[in-house]
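Engineer: Hey, dropping upload-v8.pdb in here, PDB, C-alpha atoms, pLDDT in the B column:
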```pdb
ATOM      1  CA  MET A  16     176.683  97.131 150.832  1.00 56.00           C
ATOM      2  CA  GLU A  17     173.880  99.399 149.636  1.00 61.00           C
ATOM      3  CA  SER A  18     174.272 102.755 147.923  1.00 64.00           C
ATOM      4  CA  GLN A  19     172.833 105.876 149.493  1.00 63.00           C
ATOM      5  CA  SER A  20     170.468 108.283 147.779  1.00 65.00           C
ATOM      6  CA  VAL A  21     171.848 111.820 147.909  1.00 65.00           C
ATOM      7  CA  ASN A  22     170.679 115.218 146.606  1.00 68.00           C
ATOM      8  CA  LYS A  23     174.150 116.581 145.875  1.00 68.00           C
ATOM      9  CA  LEU A  24     177.583 115.079 145.384  1.00 67.00           C
ATOM     10  CA  PRO A  25     179.255 114.433 148.741  1.00 65.00           C
ATOM     11  CA  GLU A  26     182.784 115.696 149.311  1.00 65.00           C
ATOM     12  CA  LYS A  27     184.104 112.125 149.146  1.00 66.00           C
ATOM     13  CA  TYR A  28     182.168 109.397 147.414  1.00 68.00           C
ATOM     14  CA  SER A  29     182.463 105.989 145.820  1.00 68.00           C
ATOM     15  CA  VAL A  30     180.520 105.093 142.671  1.00 73.00           C
ATOM     16  CA  ILE A  31     179.440 101.628 141.552  1.00 71.00           C
ATOM     17  CA  ALA A  32     179.722 101.164 137.789  1.00 72.00           C
ATOM     18  CA  TYR A  33     178.766  97.744 136.453  1.00 72.00           C
ATOM     19  CA  THR A  34     178.990  98.165 132.679  1.00 76.00           C
ATOM     20  CA  ASP A  35     181.778  99.208 130.338  1.00 75.00           C
ATOM     21  CA  GLU A  36     179.659 102.179 129.232  1.00 81.00           C
ATOM     22  CA  GLN A  37     179.322 103.363 132.833  1.00 78.00           C
ATOM     23  CA  LYS A  38     183.024 102.795 133.435  1.00 75.00           C
ATOM     24  CA  ASN A  39     183.943 104.817 130.338  1.00 77.00           C
ATOM     25  CA  LYS A  40     181.684 107.722 131.357  1.00 79.00           C
ATOM     26  CA  LEU A  41     183.300 107.763 134.790  1.00 74.00           C
ATOM     27  CA  ILE A  42     186.808 107.657 133.350  1.00 71.00           C
ATOM     28  CA  CYS A  43     186.086 110.514 130.922  1.00 74.00           C
ATOM     29  CA  TYR A  44     184.610 112.662 133.694  1.00 73.00           C
ATOM     30  CA  LEU A  45     187.364 111.904 136.196  1.00 70.00           C
ATOM     31  CA  GLU A  46     190.190 112.455 133.688  1.00 69.00           C
ATOM     32  CA  GLU A  47     188.706 115.856 132.894  1.00 67.00           C
ATOM     33  CA  HIS A  48     188.149 116.925 136.513  1.00 63.00           C
ATOM     34  CA  VAL A  49     190.688 115.091 138.681  1.00 62.00           C
ATOM     35  CA  LYS A  50     194.478 114.980 138.839  1.00 61.00           C
ATOM     36  CA  ASN A  51     196.515 111.931 139.877  1.00 60.00           C
ATOM     37  CA  LEU A  52     194.029 109.187 139.077  1.00 59.00           C
ATOM     38  CA  VAL A  53     195.091 105.612 139.812  1.00 63.00           C
ATOM     39  CA  TYR A  54     193.588 102.811 137.694  1.00 59.00           C
ATOM     40  CA  GLU A  55     193.533  99.222 138.892  1.00 63.00           C
ATOM     41  CA  SER A  56     191.974  96.212 137.225  1.00 60.00           C
ATOM     42  CA  ASP A  57     191.617  92.813 138.879  1.00 57.00           C
ATOM     43  CA  SER A  58     190.145  91.265 135.724  1.00 53.00           C
ATOM     44  CA  ASP A  59     188.119  92.222 132.676  1.00 52.00           C
ATOM     45  CA  SER A  60     185.043  92.796 134.811  1.00 51.00           C
ATOM     46  CA  VAL A  61     186.443  94.298 138.033  1.00 52.00           C
ATOM     47  CA  PHE A  62     188.078  97.716 138.058  1.00 56.00           C
ATOM     48  CA  HIS A  63     188.885 100.501 140.505  1.00 58.00           C
ATOM     49  CA  ILE A  64     189.627 104.148 139.749  1.00 58.00           C
ATOM     50  CA  ARG A  65     190.649 106.337 142.642  1.00 60.00           C
ATOM     51  CA  SER A  66     191.982 109.682 143.740  1.00 57.00           C
ATOM     52  CA  SER A  67     191.883 111.407 147.111  1.00 57.00           C
ATOM     53  CA  LYS A  68     188.241 112.436 146.596  1.00 58.00           C
ATOM     54  CA  TYR A  69     186.755 109.867 144.189  1.00 59.00           C
ATOM     55  CA  PHE A  70     186.587 106.122 143.966  1.00 59.00           C
ATOM     56  CA  ALA A  71     184.850 104.197 141.205  1.00 61.00           C
ATOM     57  CA  SER A  72     184.494 100.455 141.175  1.00 61.00           C
ATOM     58  CA  SER A  73     182.623  97.655 139.448  1.00 57.00           C
ATOM     59  CA  SER A  74     182.086  95.967 142.799  1.00 60.00           C
ATOM     60  CA  ASN A  75     180.054  97.075 145.809  1.00 59.00           C
ATOM     61  CA  CYS A  76     183.004  98.420 147.751  1.00 60.00           C
ATOM     62  CA  LYS A  77     183.927 101.870 148.931  1.00 57.00           C
ATOM     63  CA  LEU A  78     186.805 103.644 150.596  1.00 59.00           C
ATOM     64  CA  ASP A  79     186.636 104.555 154.284  1.00 64.00           C
ATOM     65  CA  GLY A  80     185.021 107.951 154.787  1.00 66.00           C
ATOM     66  CA  HIS A  81     183.279 107.788 151.398  1.00 67.00           C
ATOM     67  CA  ILE A  82     179.570 107.671 150.717  1.00 70.00           C
ATOM     68  CA  LEU A  83     178.569 104.908 148.291  1.00 71.00           C
ATOM     69  CA  ILE A  84     176.294 106.128 145.478  1.00 73.00           C
ATOM     70  CA  SER A  85     174.878 104.403 142.430  1.00 74.00           C
ATOM     71  CA  PHE A  86     176.092 105.245 138.945  1.00 75.00           C
ATOM     72  CA  GLU A  87     172.637 106.612 138.102  1.00 79.00           C
ATOM     73  CA  ASP A  88     172.694 109.004 141.082  1.00 77.00           C
ATOM     74  CA  TRP A  89     176.254 110.030 140.254  1.00 76.00           C
ATOM     75  CA  GLU A  90     175.346 110.773 136.623  1.00 77.00           C
ATOM     76  CA  ARG A  91     172.261 112.775 137.668  1.00 75.00           C
ATOM     77  CA  LEU A  92     174.226 114.791 140.226  1.00 74.00           C
ATOM     78  CA  VAL A  93     177.129 115.533 137.884  1.00 73.00           C
ATOM     79  CA  LYS A  94     174.649 116.794 135.305  1.00 69.00           C
ATOM     80  CA  ALA A  95     172.963 118.893 138.002  1.00 65.00           C
ATOM     81  CA  GLU A  96     176.276 120.515 138.939  1.00 66.00           C
ATOM     82  CA  LYS A  97     176.887 121.598 135.342  1.00 59.00           C
ATOM     83  CA  THR A  98     173.813 123.768 134.869  1.00 64.00           C
ATOM     84  CA  THR A  99     172.468 126.727 136.786  1.00 73.00           C
ATOM     85  CA  TYR A 100     169.316 128.635 136.037  1.00 81.00           C
ATOM     86  CA  LYS A 101     168.289 132.253 136.511  1.00 85.00           C
ATOM     87  CA  GLY A 102     165.175 134.142 137.489  1.00 87.00           C
ATOM     88  CA  GLN A 103     162.441 132.148 139.184  1.00 87.00           C
ATOM     89  CA  LEU A 104     164.467 128.929 138.770  1.00 88.00           C
ATOM     90  CA  GLU A 105     167.514 130.251 140.586  1.00 85.00           C
ATOM     91  CA  GLY A 106     168.521 127.715 143.207  1.00 81.00           C
ATOM     92  CA  VAL A 107     166.228 124.977 141.861  1.00 85.00           C
ATOM     93  CA  PRO A 108     168.234 121.730 141.438  1.00 82.00           C
ATOM     94  CA  ASN A 109     168.812 120.754 137.837  1.00 77.00           C
ATOM     95  CA  ASP A 110     167.168 117.344 138.148  1.00 81.00           C
ATOM     96  CA  ILE A 111     163.943 119.109 139.156  1.00 88.00           C
ATOM     97  CA  VAL A 112     164.220 121.515 136.215  1.00 88.00           C
ATOM     98  CA  GLU A 113     164.831 118.499 133.949  1.00 85.00           C
ATOM     99  CA  ARG A 114     161.621 116.934 135.271  1.00 91.00           C
ATOM    100  CA  MET A 115     159.780 120.200 134.644  1.00 92.00           C
ATOM    101  CA  MET A 116     160.963 120.177 131.047  1.00 91.00           C
ATOM    102  CA  ASP A 117     159.947 116.502 130.750  1.00 91.00           C
ATOM    103  CA  CYS A 118     156.414 117.495 131.846  1.00 93.00           C
ATOM    104  CA  GLN A 119     156.490 120.424 129.432  1.00 94.00           C
ATOM    105  CA  GLU A 120     157.364 118.076 126.577  1.00 92.00           C
ATOM    106  CA  GLU A 121     154.882 115.360 127.644  1.00 93.00           C
ATOM    107  CA  GLN A 122     152.103 117.948 127.390  1.00 94.00           C
ATOM    108  CA  GLY A 123     153.044 119.035 123.874  1.00 93.00           C
ATOM    109  CA  ASN A 124     155.310 122.038 124.438  1.00 93.00           C
ATOM    110  CA  ASN A 125     158.997 122.430 123.580  1.00 92.00           C
ATOM    111  CA  ARG A 126     161.624 121.833 126.273  1.00 89.00           C
ATOM    112  CA  ASP A 127     162.512 125.351 127.346  1.00 91.00           C
ATOM    113  CA  ALA A 128     163.641 126.249 130.858  1.00 90.00           C
ATOM    114  CA  SER A 129     163.528 129.972 130.043  1.00 91.00           C
ATOM    115  CA  VAL A 130     159.715 129.781 130.199  1.00 93.00           C
ATOM    116  CA  PHE A 131     160.012 128.915 133.898  1.00 92.00           C
ATOM    117  CA  GLU A 132     162.859 131.355 134.530  1.00 90.00           C
ATOM    118  CA  LYS A 133     160.491 134.185 133.548  1.00 90.00           C
ATOM    119  CA  PHE A 134     157.408 132.873 135.326  1.00 87.00           C
ATOM    120  CA  GLY A 135     157.984 129.898 137.608  1.00 84.00           C
ATOM    121  CA  ILE A 136     154.548 128.349 137.428  1.00 85.00           C
ATOM    122  CA  SER A 137     153.961 128.821 133.695  1.00 88.00           C
ATOM    123  CA  SER A 138     150.931 126.886 132.515  1.00 88.00           C
ATOM    124  CA  ASP A 139     150.504 124.940 129.294  1.00 87.00           C
ATOM    125  CA  VAL A 140     149.161 128.033 127.539  1.00 88.00           C
ATOM    126  CA  GLU A 141     152.323 129.989 128.427  1.00 91.00           C
ATOM    127  CA  GLY A 142     154.634 127.215 127.170  1.00 92.00           C
ATOM    128  CA  GLY A 143     154.880 125.387 130.497  1.00 92.00           C
ATOM    129  CA  PHE A 144     152.502 122.632 131.544  1.00 94.00           C
ATOM    130  CA  TYR A 145     149.414 121.896 133.606  1.00 94.00           C
ATOM    131  CA  TRP A 146     150.935 121.194 136.992  1.00 93.00           C
ATOM    132  CA  PHE A 147     147.950 119.240 138.290  1.00 94.00           C
ATOM    133  CA  LYS A 148     148.230 116.774 135.367  1.00 94.00           C
ATOM    134  CA  THR A 149     151.671 115.517 136.440  1.00 94.00           C
ATOM    135  CA  LYS A 150     152.562 112.529 138.619  1.00 92.00           C
ATOM    136  CA  GLU A 151     153.780 114.940 141.296  1.00 94.00           C
ATOM    137  CA  GLY A 152     150.574 116.967 141.363  1.00 93.00           C
ATOM    138  CA  GLN A 153     149.977 120.669 141.956  1.00 92.00           C
ATOM    139  CA  ALA A 154     150.902 120.705 145.670  1.00 93.00           C
ATOM    140  CA  ILE A 155     154.428 119.378 145.237  1.00 93.00           C
ATOM    141  CA  TRP A 156     155.144 121.856 142.448  1.00 93.00           C
ATOM    142  CA  GLU A 157     153.853 124.688 144.659  1.00 90.00           C
ATOM    143  CA  TYR A 158     156.443 123.714 147.297  1.00 89.00           C
ATOM    144  CA  VAL A 159     159.201 123.510 144.699  1.00 89.00           C
ATOM    145  CA  ILE A 160     158.534 126.724 142.767  1.00 87.00           C
ATOM    146  CA  ARG A 161     156.972 129.096 145.282  1.00 87.00           C
ATOM    147  CA  LYS A 162     158.672 127.991 148.500  1.00 88.00           C
ATOM    148  CA  LYS A 163     161.932 126.537 147.101  1.00 87.00           C
ATOM    149  CA  ASN A 164     161.280 123.492 149.294  1.00 88.00           C
ATOM    150  CA  PHE A 165     162.560 120.504 147.298  1.00 86.00           C
ATOM    151  CA  GLN A 166     162.095 117.796 149.920  1.00 87.00           C
ATOM    152  CA  PRO A 167     158.498 116.889 148.924  1.00 89.00           C
ATOM    153  CA  PHE A 168     159.671 116.359 145.327  1.00 89.00           C
ATOM    154  CA  TYR A 169     162.489 114.000 146.360  1.00 85.00           C
ATOM    155  CA  GLU A 170     160.279 112.183 148.876  1.00 87.00           C
ATOM    156  CA  PHE A 171     157.625 111.638 146.186  1.00 88.00           C
ATOM    157  CA  TRP A 172     160.126 110.164 143.729  1.00 84.00           C
ATOM    158  CA  GLU A 173     161.772 108.040 146.410  1.00 82.00           C
ATOM    159  CA  LYS A 174     158.360 106.490 147.216  1.00 82.00           C
ATOM    160  CA  GLU A 175     157.549 106.204 143.508  1.00 79.00           C
ATOM    161  CA  SER A 176     160.762 104.313 142.796  1.00 76.00           C
ATOM    162  CA  LYS A 177     159.998 101.799 145.572  1.00 72.00           C
ATOM    163  CA  LYS A 178     156.536 100.962 144.267  1.00 70.00           C
ATOM    164  CA  GLU A 179     156.216  97.453 142.961  1.00 60.00           C
ATOM    165  CA  LYS A 180     155.993  97.410 139.198  1.00 52.00           C
ATOM    166  CA  PRO A 181     152.988  95.515 137.807  1.00 50.00           C
ATOM    167  CA  TYR A 182     153.751  92.144 136.291  1.00 47.00           C
ATOM    168  CA  SER A 183     154.131  92.284 132.559  1.00 45.00           C
ATOM    169  CA  PRO A 184     154.719  88.952 130.792  1.00 46.00           C
ATOM    170  CA  ASN A 185     157.430  88.764 128.184  1.00 46.00           C
ATOM    171  CA  PHE A 186     155.679  87.220 125.194  1.00 44.00           C
ATOM    172  CA  GLU A 187     158.928  87.053 123.252  1.00 49.00           C
ATOM    173  CA  TYR A 188     159.754  83.673 124.779  1.00 42.00           C
ATOM    174  CA  ILE A 189     156.296  82.087 124.712  1.00 42.00           C
TER
END
```
Could you quickly redo this structure as structure tokens?

Structural biologist:
Amino acid sequence: MESQSVNKLPEKYSVIAYTDEQKNKLICYLEEHVKNLVYESDSDSVFHIRSSKYFASSSNCKLDGHILISFEDWERLVKAEKTTYKGQLEGVPNDIVERMMDCQEEQGNNRDASVFEKFGISSDVEGGFYWFKTKEGQAIWEYVIRKKNFQPFYEFWEKESKKEKPYSPNFEYI
């Protein structure tokens, strides 16, 4: 069973968590946000946490009517739900703003979303970054900032994540 890529948390979803760290993050979040959680553990490595809306598991299973999402997507989407921006960034998903601040930092400026809240397409000189020097390129950022069309951004990163990584030998074992 394969997880689905989603842009916002579905109403009902199942999360795959393979490590203890992932499991603990899920438990902390769910205990804080959900009532009547049920914990089940088949062994040290297999666990299930469920409520009427959520289901977390260390195996690739899901409840009927739930959308299966990866832990990484879940973590990104939960973080995105927590933050909202103002001004020119109003309505821009948080994962996109996070990427903007990554670009800002990569080009030598401080991470500061307020720069973009004031002027959406702030350049490097204004504390932002040179949009054309990013992996996404100028055109995708134009769609995101000026038109509030986020699909090209997500399509770009979906394609980027599917690209085959170049072979890199591990010299540690040679």

Engineer: From the set A:Asn39, A:Ser85, A:Gln119, A:Ser137, which residue has the shortest atom-to-atom contact distance to A:Ile160, counting only C-alpha atoms?

Structural biologist: A:Ser137

Engineer: Could you list the residues chosen by the PyMOL selection byres ((chain A and resi 114) around 12) in this structure as an NGL selection string?

Structural biologist: :A and (91 or 95 or 107-113 or 115-121 or 126-128 or 143-144 or 146 or 149-151 or 156 or 159 or 168-169 or 172)

Engineer: For a test of reading the model, state the distance in Å between atom CA of A:Gln122 and atom CA of A:Tyr145, rounded to one decimal.

Structural biologist: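 Going from atom CA of A:Gln122 over to atom CA of A:Tyr145, I get 7.8 Å.
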
Engineer: One number please: atom CA of A:Leu41 to atom CA of A:Phe86, in Å, one decimal.

Structural biologist: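 Between these atoms lies a distance of 8.7 Å.
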
Engineer: Mind giving me the straight-line distance from atom CA of A:Gln153 to atom CA of A:Lys101 in Å, one decimal?

Structural biologist: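 Atom-to-atom, atom CA of A:Gln153 and atom CA of A:Lys101 are spaced 22.3 Å apart.
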
Engineer: For A:Glu157, which residue out of A:Gly142, A:Ile82, A:Ile31, A:Gly135 is the nearest one, using all atoms listed in the file?

Structural biologist: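 Answer, going by the shortest atom-to-atom distance: A:Gly135.
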
Engineer: Looking at all atoms listed in the file, which of A:Ser176, A:Gly152, A:Leu104, A:Gly123 is the one that sits closest to A:Val140?

Structural biologist: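 Under the stated criterion, the closest residue is A:Gly123.
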
Engineer: Under the rule that only C-alpha atoms are counted, which of A:Ile136, A:Cys43, A:Val30, A:Ala154 is the nearest residue to A:Gln103?

Structural biologist: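 Going through A:Ile136, A:Cys43, A:Val30, A:Ala154 one by one, the smallest distance to A:Gln103 is for A:Ile136.
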